[in-house]
Amino acid sequence: MTTLNIPMPDDWHLHLRSGEMLNKVLPYTSSHFARAIIMPNLPSPVITTADANNYRQEIIDNLPENHHFTPLMTLYMTESTDPDDVRLGYMKGEVQAVKLYPAGATTHSDAGVKNLEKIYPVLDVMEQIGMPFLVHGEVVDRDVDIFDREAVFIETKLIPIRQRFPHLKIVFEHLTTKEGVDYVLSSNENTAATITPHHLVINRNAMLVGGIKPHYYCLPVAKRESHRLALRQAATSGDARFFLGTDSAPHLINAKESACGCAGIFNVANAIAVVTQVFEDENTLPALEKFLSLNGAAFYGLAVNDRRIVLERSEQCLPIPDNIKLAEGEVTAFDPMMDVYWRVRG
Ligand code: NCD
Ligand code: ZN
């Protein structure tokens, strides 16, 4: 059997939710990932360091006993976020980053930012202390086509922010376009990007051909094939500016299969397997550990994990993971619509 042994991966963009959902989804992450950047878009968002400490405790309380997992907490940026709270939380190691949701861009983003200038005092502090600014990079203007919202964000929002804050560490979250890849490649080491497993393997056809497929709907929405190819090239290149953020975002089936379905794909159950298969298919397996385990840690200024995982390649294609069962319904696991031979041992 072919195996690969790599440092334990980290997930640099993860939605864990709370309550029973948290309890059910967390073990999928904590069994194979050492750390994850925990997204703060709860129904009542994680805005202050005190909120983040409470949420961290809830996560830790739900960890299976033998799992060793470190949640890296983020704050949800609002127009009234207190720069001193951000500075103190970061200095104490209680929060790692602040996440920008343009108001209205995605799930639970209503408390997000409308006027970017309002957050400049917070960005000033973050630039000084080296704290990463995580960006949901889509404009929300009604007259901008949803497939163009990332590219327009770069031109109208990101470039001005970068000019005003040249040393700010920025992570362009869940990159979905060639324009995004090109922007990151044209930047220096202060700009990085997370890429999801699903955007490496599906394009918008998955969602729209042969009927509308809500389980392939996420934000930013999957784009056309040329964008997927640009993302694959970026992820598998080993370039230090690209690393895994699963953006695993569980919703109950009835919230997805609805006249107004929620955005989000639950993919952590097979994220490492799917990504490994992508690297094999691209003949770039030697670069896998950079994308999964090295680049993100370096960008965040953290040590690479001491623990390691073993990836095994089977002769037979492996099944799609089972759905997760909760009291109120199920969460559908991501079907990558491709043959996957790899899995994580244990
Ligand atoms: C995320 C969610 O459901 O919280 N959904 C998604 O489609 N990715 C929010 C987000 O990251 O945009
Ligand atoms: Zn997300």
# chains A, B, ... in the order shown; residues from 1 in each chain; ligands from 1

$ residues_near_ligand --ligand "ligand 2" --cutoff "9 Å" --atoms "only C-alpha atoms and all ligand atoms" --output "NGL selection string"
:A and (13-15 or 39 or 41 or 106-107 or 136 or 173-174 or 218-220 or 245-249 or 264)

$ residues_around --residues "Ala230 (chain A)" --least-positions-apart "4" --cutoff "12 Å" --atoms "only C-alpha atoms" --output "JSON, numbers by chain"
{"A": [175, 176, 177, 178, 179, 180, 181, 182, 183, 184, 185, 195, 199, 200, 201, 203, 223, 224, 225, 226, 234, 235, 236, 237]}

$ closest_atom_pairs --of "region 39-143 of chain A" --to "region 291-313 of chain A" --cutoff "10 Å" --atoms "only C-alpha atoms" --output "Markdown table"
| residue | atom | partner | partner_atom | distance |
| --- | --- | --- | --- | --- |
| A:Gln96 | CA | A:Tyr300 | CA | 8.2 |
| A:Ala97 | CA | A:Tyr300 | CA | 9.2 |
| A:Gly130 | CA | A:Tyr300 | CA | 9.1 |
| A:Met131 | CA | A:Tyr300 | CA | 8.3 |
| A:Pro132 | CA | A:Tyr300 | CA | 7.4 |

$ residues_around --residues "Asp124 (chain A)" --least-positions-apart "4" --cutoff "10 Å" --atoms "only C-alpha atoms" --output "ChimeraX atom specification"
/A:83,119-120,128-129,164-165,167-168

$ select_by_dssp --residues "region 126-341 of chain A" --states "strand (DSSP E)" --output "list in words"
Phe133, Leu134, Val135, Ile170, Val171, Phe172, Thr191, Ala192, Ala193, Thr194, Ile195, Phe242, Phe243, Leu244, Arg308, Ile309, Val310, Leu311, Glu312, Arg313, Ile324, Lys325, Leu326, Gly329, Glu330 and Val331 of chain A

$ select_by_dssp --residues "region 54-215 of chain A" --states "helix (DSSP H, G or I)" --output "ChimeraX atom specification"
/A:54-61,83-91,116-129,146-164,178-185,197-201,205-208,214-215

$ write_last_selection --atoms "C-alpha atoms" --output "PDB file, in the first residue's frame"
ATOM      1  CA  ASN A  54     -16.680  31.723  25.889  1.00  0.00           C
ATOM      2  CA  TYR A  55     -16.905  30.143  22.457  1.00  0.00           C
ATOM      3  CA  ARG A  56     -13.476  28.505  22.838  1.00  0.00           C
ATOM      4  CA  GLN A  57     -14.641  26.965  26.101  1.00  0.00           C
ATOM      5  CA  GLU A  58     -17.764  25.600  24.427  1.00  0.00           C
ATOM      6  CA  ILE A  59     -15.589  24.033  21.730  1.00  0.00           C
ATOM      7  CA  ILE A  60     -13.196  22.507  24.254  1.00  0.00           C
ATOM      8  CA  ASP A  61     -16.113  21.152  26.287  1.00  0.00           C
ATOM      9  CA  PRO A  83      -9.178  48.417  18.815  1.00  0.00           C
ATOM     10  CA  ASP A  84      -7.999  48.016  22.436  1.00  0.00           C
ATOM     11  CA  ASP A  85      -9.948  44.796  22.915  1.00  0.00           C
ATOM     12  CA  VAL A  86      -8.455  43.456  19.676  1.00  0.00           C
ATOM     13  CA  ARG A  87      -4.926  44.419  20.709  1.00  0.00           C
ATOM     14  CA  LEU A  88      -5.255  42.943  24.178  1.00  0.00           C
ATOM     15  CA  GLY A  89      -6.901  39.735  22.989  1.00  0.00           C
ATOM     16  CA  TYR A  90      -4.138  39.191  20.450  1.00  0.00           C
ATOM     17  CA  MET A  91      -1.341  40.019  22.894  1.00  0.00           C
ATOM     18  CA  LEU A 116     -14.700  50.126   5.526  1.00  0.00           C
ATOM     19  CA  GLU A 117     -13.327  53.446   6.724  1.00  0.00           C
ATOM     20  CA  LYS A 118     -15.036  52.845  10.052  1.00  0.00           C
ATOM     21  CA  ILE A 119     -12.675  49.942  10.758  1.00  0.00           C
ATOM     22  CA  TYR A 120      -9.462  51.790   9.900  1.00  0.00           C
ATOM     23  CA  PRO A 121      -8.581  52.347  13.594  1.00  0.00           C
ATOM     24  CA  VAL A 122      -8.769  48.578  14.152  1.00  0.00           C
ATOM     25  CA  LEU A 123      -6.729  47.868  11.018  1.00  0.00           C
ATOM     26  CA  ASP A 124      -4.112  50.366  12.232  1.00  0.00           C
ATOM     27  CA  VAL A 125      -3.677  48.347  15.411  1.00  0.00           C
ATOM     28  CA  MET A 126      -3.664  45.031  13.569  1.00  0.00           C
ATOM     29  CA  GLU A 127      -0.992  46.288  11.194  1.00  0.00           C
ATOM     30  CA  GLN A 128       1.156  47.388  14.143  1.00  0.00           C
ATOM     31  CA  ILE A 129       0.894  44.108  16.030  1.00  0.00           C
ATOM     32  CA  ILE A 146     -22.713  37.290  -8.160  1.00  0.00           C
ATOM     33  CA  PHE A 147     -20.054  35.674 -10.345  1.00  0.00           C
ATOM     34  CA  ASP A 148     -18.133  38.983 -10.486  1.00  0.00           C
ATOM     35  CA  ARG A 149     -18.340  39.926  -6.832  1.00  0.00           C
ATOM     36  CA  GLU A 150     -14.885  38.668  -5.903  1.00  0.00           C
ATOM     37  CA  ALA A 151     -13.139  40.366  -8.816  1.00  0.00           C
ATOM     38  CA  VAL A 152     -14.946  43.661  -8.112  1.00  0.00           C
ATOM     39  CA  PHE A 153     -14.033  43.417  -4.422  1.00  0.00           C
ATOM     40  CA  ILE A 154     -10.357  43.251  -5.332  1.00  0.00           C
ATOM     41  CA  GLU A 155     -10.515  46.381  -7.447  1.00  0.00           C
ATOM     42  CA  THR A 156     -12.802  48.492  -5.283  1.00  0.00           C
ATOM     43  CA  LYS A 157     -12.027  47.356  -1.708  1.00  0.00           C
ATOM     44  CA  LEU A 158      -8.913  45.236  -1.369  1.00  0.00           C
ATOM     45  CA  ILE A 159      -6.512  47.335  -3.414  1.00  0.00           C
ATOM     46  CA  PRO A 160      -7.442  50.527  -1.493  1.00  0.00           C
ATOM     47  CA  ILE A 161      -7.072  48.726   1.869  1.00  0.00           C
ATOM     48  CA  ARG A 162      -3.707  47.371   0.825  1.00  0.00           C
ATOM     49  CA  GLN A 163      -2.550  50.840  -0.217  1.00  0.00           C
ATOM     50  CA  ARG A 164      -3.631  52.353   3.094  1.00  0.00           C
ATOM     51  CA  LYS A 178      -8.350  33.525 -11.337  1.00  0.00           C
ATOM     52  CA  GLU A 179      -8.432  37.255 -10.560  1.00  0.00           C
ATOM     53  CA  GLY A 180      -8.014  36.362  -6.883  1.00  0.00           C
ATOM     54  CA  VAL A 181      -5.118  34.019  -7.603  1.00  0.00           C
ATOM     55  CA  ASP A 182      -3.439  36.655  -9.779  1.00  0.00           C
ATOM     56  CA  TYR A 183      -3.918  39.311  -7.093  1.00  0.00           C
ATOM     57  CA  VAL A 184      -2.271  37.137  -4.441  1.00  0.00           C
ATOM     58  CA  LEU A 185       0.567  36.205  -6.784  1.00  0.00           C
ATOM     59  CA  PRO A 197     -11.337  21.456  -1.180  1.00  0.00           C
ATOM     60  CA  HIS A 198     -14.600  21.981  -3.045  1.00  0.00           C
ATOM     61  CA  HIS A 199     -13.379  24.897  -5.138  1.00  0.00           C
ATOM     62  CA  LEU A 200     -10.494  22.665  -6.265  1.00  0.00           C
ATOM     63  CA  VAL A 201     -12.840  19.982  -7.590  1.00  0.00           C
ATOM     64  CA  ASN A 205     -21.918  23.162 -13.305  1.00  0.00           C
ATOM     65  CA  ALA A 206     -22.007  20.954 -10.201  1.00  0.00           C
ATOM     66  CA  MET A 207     -24.637  23.269  -8.781  1.00  0.00           C
ATOM     67  CA  LEU A 208     -26.661  24.057 -11.896  1.00  0.00           C
ATOM     68  CA  PRO A 214     -28.234  22.989  -3.236  1.00  0.00           C
ATOM     69  CA  HIS A 215     -25.507  20.896  -1.625  1.00  0.00           C
TER      70      HIS A 215
END

$ residues_around --residues "Ile320 (chain A)" --least-positions-apart "2" --cutoff "12 Å" --atoms "only C-alpha atoms" --output "number ranges by chain"
A: 267-271, 273-274, 317-318, 322-323, 332-343

$ atom_distance --atom1 "CA of His32 (chain A)" --atom2 "CA of Leu16 (chain A)"
14.9 Å

$ closest_residue --among "A:Ser258, A:Gln316, A:Thr194, A:Ser31" --to "ligand 1" --atoms "only C-alpha atoms and all ligand atoms"
A:Thr194

$ closest_residue --among "A:Val221, A:Ala287, A:Met73, A:Leu326" --to "Cys262 (chain A)" --atoms "only C-alpha atoms"
A:Val221

$ residues_around --residues "Arg35 (chain A)" --least-positions-apart "4" --cutoff "6 Å" --atoms "only C-alpha atoms" --output "PyMOL selection string"
chain A and resi 10+69-71

$ closest_residue --among "A:Trp12, A:Tyr76, A:Tyr28, A:Tyr101" --to "ligand 1" --atoms "only C-alpha atoms and all ligand atoms"
A:Tyr101

$ closest_residue --among "A:Ala192, A:Val331, A:Val209, A:Ile202" --to "Val278 (chain A)" --atoms "only C-alpha atoms"
A:Ile202

$ closest_residue --among "A:Cys260, A:Ala105, A:Ala34, A:Val140" --to "ligand 1" --atoms "only C-alpha atoms and all ligand atoms"
A:Ala105

$ atom_distance --atom1 "CA of Ala193 (chain A)" --atom2 "CA of Pro286 (chain A)"
20.2 Å
